[in-house]
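> I'd like to ask some things about the structure below.
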Amino acid sequence: HDDVERLRFIRKAQQLDLRLDEIGEILALRDRGELPCSYVLEVAGERLADLDRRIADMQAARRDLGDLLAAADAGADEPADFCPLIEHHQRT
(Lines give C-alpha, C1' and ligand atoms only; values in the text may rest on other atoms or scores of the structure.)
Protein backbone atom coordinates (compact mmCIF):
# COMPACT_ATOMS: atom_id res chain seq x y z
CA HIS A 1 0.00 0.00 0.00
CA ASP A 2 2.81 2.45 0.89
CA ASP A 3 4.58 1.79 -2.41
CA VAL A 4 1.38 2.44 -4.37
CA GLU A 5 0.85 5.74 -2.55
CA ARG A 6 4.47 6.70 -3.16
CA LEU A 7 4.08 5.98 -6.88
CA ARG A 8 0.88 8.04 -7.00
CA PHE A 9 2.72 10.92 -5.37
CA ILE A 10 5.57 10.65 -7.87
CA ARG A 11 3.13 10.71 -10.80
CA LYS A 12 1.34 13.79 -9.41
CA ALA A 13 4.66 15.54 -8.87
CA GLN A 14 5.73 14.73 -12.45
CA GLN A 15 2.46 16.20 -13.73
CA LEU A 16 3.50 19.43 -12.00
CA ASP A 17 6.72 19.35 -14.07
CA LEU A 18 8.95 18.44 -11.13
CA ARG A 19 12.12 16.59 -12.06
CA LEU A 20 12.93 13.18 -10.62
CA ASP A 21 15.82 14.53 -8.53
CA GLU A 22 13.48 17.11 -7.00
CA ILE A 23 10.86 14.47 -6.29
CA GLY A 24 13.56 12.30 -4.74
CA GLU A 25 14.53 15.16 -2.41
CA ILE A 26 10.88 15.63 -1.40
CA LEU A 27 10.60 11.93 -0.62
CA ALA A 28 13.90 11.95 1.28
CA LEU A 29 12.75 14.87 3.42
CA ARG A 30 9.50 13.07 4.19
CA ASP A 31 11.33 9.83 4.96
CA ARG A 32 13.45 11.75 7.50
CA GLY A 33 10.25 12.98 9.15
CA GLU A 34 10.57 16.53 7.83
CA LEU A 35 7.79 18.42 6.09
CA PRO A 36 8.96 19.12 2.53
CA CYS A 37 6.53 21.98 1.89
CA SER A 38 9.09 24.80 2.00
CA TYR A 39 11.28 22.88 -0.45
CA VAL A 40 8.24 22.21 -2.66
CA LEU A 41 7.39 25.94 -2.69
CA GLU A 42 10.96 26.83 -3.62
CA VAL A 43 11.01 24.30 -6.46
CA ALA A 44 7.54 25.34 -7.62
CA GLY A 45 8.66 28.98 -7.81
CA GLU A 46 11.72 28.01 -9.84
CA ARG A 47 9.67 25.80 -12.14
CA LEU A 48 7.08 28.55 -12.68
CA ALA A 49 9.80 31.07 -13.57
CA ASP A 50 11.33 28.53 -15.96
CA LEU A 51 7.96 27.92 -17.62
CA ASP A 52 7.41 31.66 -17.99
CA ARG A 53 10.81 31.96 -19.72
CA ARG A 54 10.04 29.03 -22.01
CA ILE A 55 6.62 30.45 -22.88
CA ALA A 56 8.18 33.84 -23.71
CA ASP A 57 10.80 32.12 -25.88
CA MET A 58 8.12 30.13 -27.67
CA GLN A 59 6.01 33.26 -28.25
CA ALA A 60 9.04 35.03 -29.73
CA ALA A 61 9.75 32.03 -31.97
CA ARG A 62 6.10 32.03 -33.07
CA ARG A 63 6.30 35.72 -33.98
CA ASP A 64 9.54 35.14 -35.86
CA LEU A 65 8.05 32.26 -37.83
CA GLY A 66 5.02 34.38 -38.66
CA ASP A 67 7.34 37.13 -39.88
CA LEU A 68 9.26 34.60 -41.97
CA LEU A 69 6.03 33.36 -43.58
CA ALA A 70 4.90 36.94 -44.22
CA ALA A 71 8.24 37.71 -45.88
CA ALA A 72 7.83 34.64 -48.07
CA ASP A 73 4.35 35.76 -49.07
CA ALA A 74 5.75 39.21 -49.89
CA GLY A 75 8.25 37.61 -52.23
CA ALA A 76 11.46 38.26 -50.33
CA ASP A 77 14.01 37.02 -52.81
CA GLU A 78 17.34 38.56 -51.85
CA PRO A 79 20.66 36.88 -52.65
CA ALA A 80 22.01 34.66 -49.87
CA ASP A 81 24.26 31.69 -49.31
CA PHE A 82 21.56 29.38 -47.97
CA CYS A 83 18.07 30.82 -47.55
CA PRO A 84 17.39 34.56 -47.71
CA LEU A 85 14.28 34.20 -45.57
CA ILE A 86 16.39 33.03 -42.64
CA GLU A 87 19.61 34.91 -43.32
CA HIS A 88 17.92 38.31 -43.64
CA HIS A 89 15.45 37.81 -40.83
CA GLN A 90 15.60 40.53 -38.19
CA ARG A 91 14.28 39.75 -34.70
CA THR A 92 12.13 42.64 -33.53
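Labels used: A, B, ... for chains in the order of the C-alpha coordinates, numbers from 1 for residues in each chain, and numbers from 1 for ligands as shown.
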Just want the 10 Å neighbourhood of segment 3-20 of chain A, counted on only C-alpha atoms, with same-chain residues fewer than 2 positions away dropped. Output as a list in words.
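Result of the neighbour search: His1, Glu22, Ile23, Gly24, Glu25, Ile26, Leu27, Val40, Val43, Ala44, Arg47, Leu48 and Leu51 of chain A.
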> Any chance you could export the current selection's N, CA and C atoms as a PDB file, in the first residue's frame?

ATOM      1  N   HIS A   1       0.830  -1.204   0.000  1.00  0.00           N
ATOM      2  CA  HIS A   1       0.000   0.000   0.000  1.00  0.00           C
ATOM      3  C   HIS A   1       0.877   1.272   0.000  1.00  0.00           C
ATOM      4  N   GLU A  22      14.245  16.286  -7.931  1.00  0.00           N
ATOM      5  CA  GLU A  22      13.477  17.111  -6.998  1.00  0.00           C
ATOM      6  C   GLU A  22      12.461  16.269  -6.232  1.00  0.00           C
ATOM      7  N   ILE A  23      11.816  15.366  -6.936  1.00  0.00           N
ATOM      8  CA  ILE A  23      10.860  14.466  -6.291  1.00  0.00           C
ATOM      9  C   ILE A  23      11.583  13.588  -5.281  1.00  0.00           C
ATOM     10  N   GLY A  24      12.759  13.119  -5.655  1.00  0.00           N
ATOM     11  CA  GLY A  24      13.561  12.302  -4.741  1.00  0.00           C
ATOM     12  C   GLY A  24      13.898  13.058  -3.465  1.00  0.00           C
ATOM     13  N   GLU A  25      14.221  14.345  -3.594  1.00  0.00           N
ATOM     14  CA  GLU A  25      14.526  15.157  -2.414  1.00  0.00           C
ATOM     15  C   GLU A  25      13.285  15.323  -1.535  1.00  0.00           C
ATOM     16  N   ILE A  26      12.140  15.521  -2.154  1.00  0.00           N
ATOM     17  CA  ILE A  26      10.884  15.632  -1.396  1.00  0.00           C
ATOM     18  C   ILE A  26      10.636  14.345  -0.610  1.00  0.00           C
ATOM     19  N   LEU A  27      10.812  13.222  -1.284  1.00  0.00           N
ATOM     20  CA  LEU A  27      10.600  11.927  -0.620  1.00  0.00           C
ATOM     21  C   LEU A  27      11.623  11.705   0.494  1.00  0.00           C
ATOM     22  N   VAL A  40       9.183  22.297  -1.536  1.00  0.00           N
ATOM     23  CA  VAL A  40       8.238  22.215  -2.661  1.00  0.00           C
ATOM     24  C   VAL A  40       7.920  23.616  -3.168  1.00  0.00           C
ATOM     25  N   VAL A  43      10.916  24.958  -5.154  1.00  0.00           N
ATOM     26  CA  VAL A  43      11.008  24.303  -6.459  1.00  0.00           C
ATOM     27  C   VAL A  43       9.879  24.767  -7.369  1.00  0.00           C
ATOM     28  N   ALA A  44       8.675  24.903  -6.819  1.00  0.00           N
ATOM     29  CA  ALA A  44       7.537  25.344  -7.623  1.00  0.00           C
ATOM     30  C   ALA A  44       7.773  26.750  -8.168  1.00  0.00           C
ATOM     31  N   ARG A  47      10.277  26.430 -10.974  1.00  0.00           N
ATOM     32  CA  ARG A  47       9.667  25.796 -12.138  1.00  0.00           C
ATOM     33  C   ARG A  47       8.735  26.774 -12.856  1.00  0.00           C
ATOM     34  N   LEU A  48       7.979  27.568 -12.087  1.00  0.00           N
ATOM     35  CA  LEU A  48       7.077  28.553 -12.685  1.00  0.00           C
ATOM     36  C   LEU A  48       7.867  29.606 -13.457  1.00  0.00           C
ATOM     37  N   LEU A  51       9.053  28.032 -16.648  1.00  0.00           N
ATOM     38  CA  LEU A  51       7.958  27.917 -17.617  1.00  0.00           C
ATOM     39  C   LEU A  51       7.644  29.265 -18.252  1.00  0.00           C
TER      40      LEU A  51
END
> Would you please give, as a PyMOL selection string, all residues of chain A that DSSP assigns to helix (DSSP H, G or I) based on the backbone?
chain A and resi 2-15+20-31+37-73+84-87
> From the list A:Cys37, A:Leu85, A:Ala49, A:Leu29, which residue is nearest Ala70 of chain A when using only C-alpha atoms?
A:Leu85
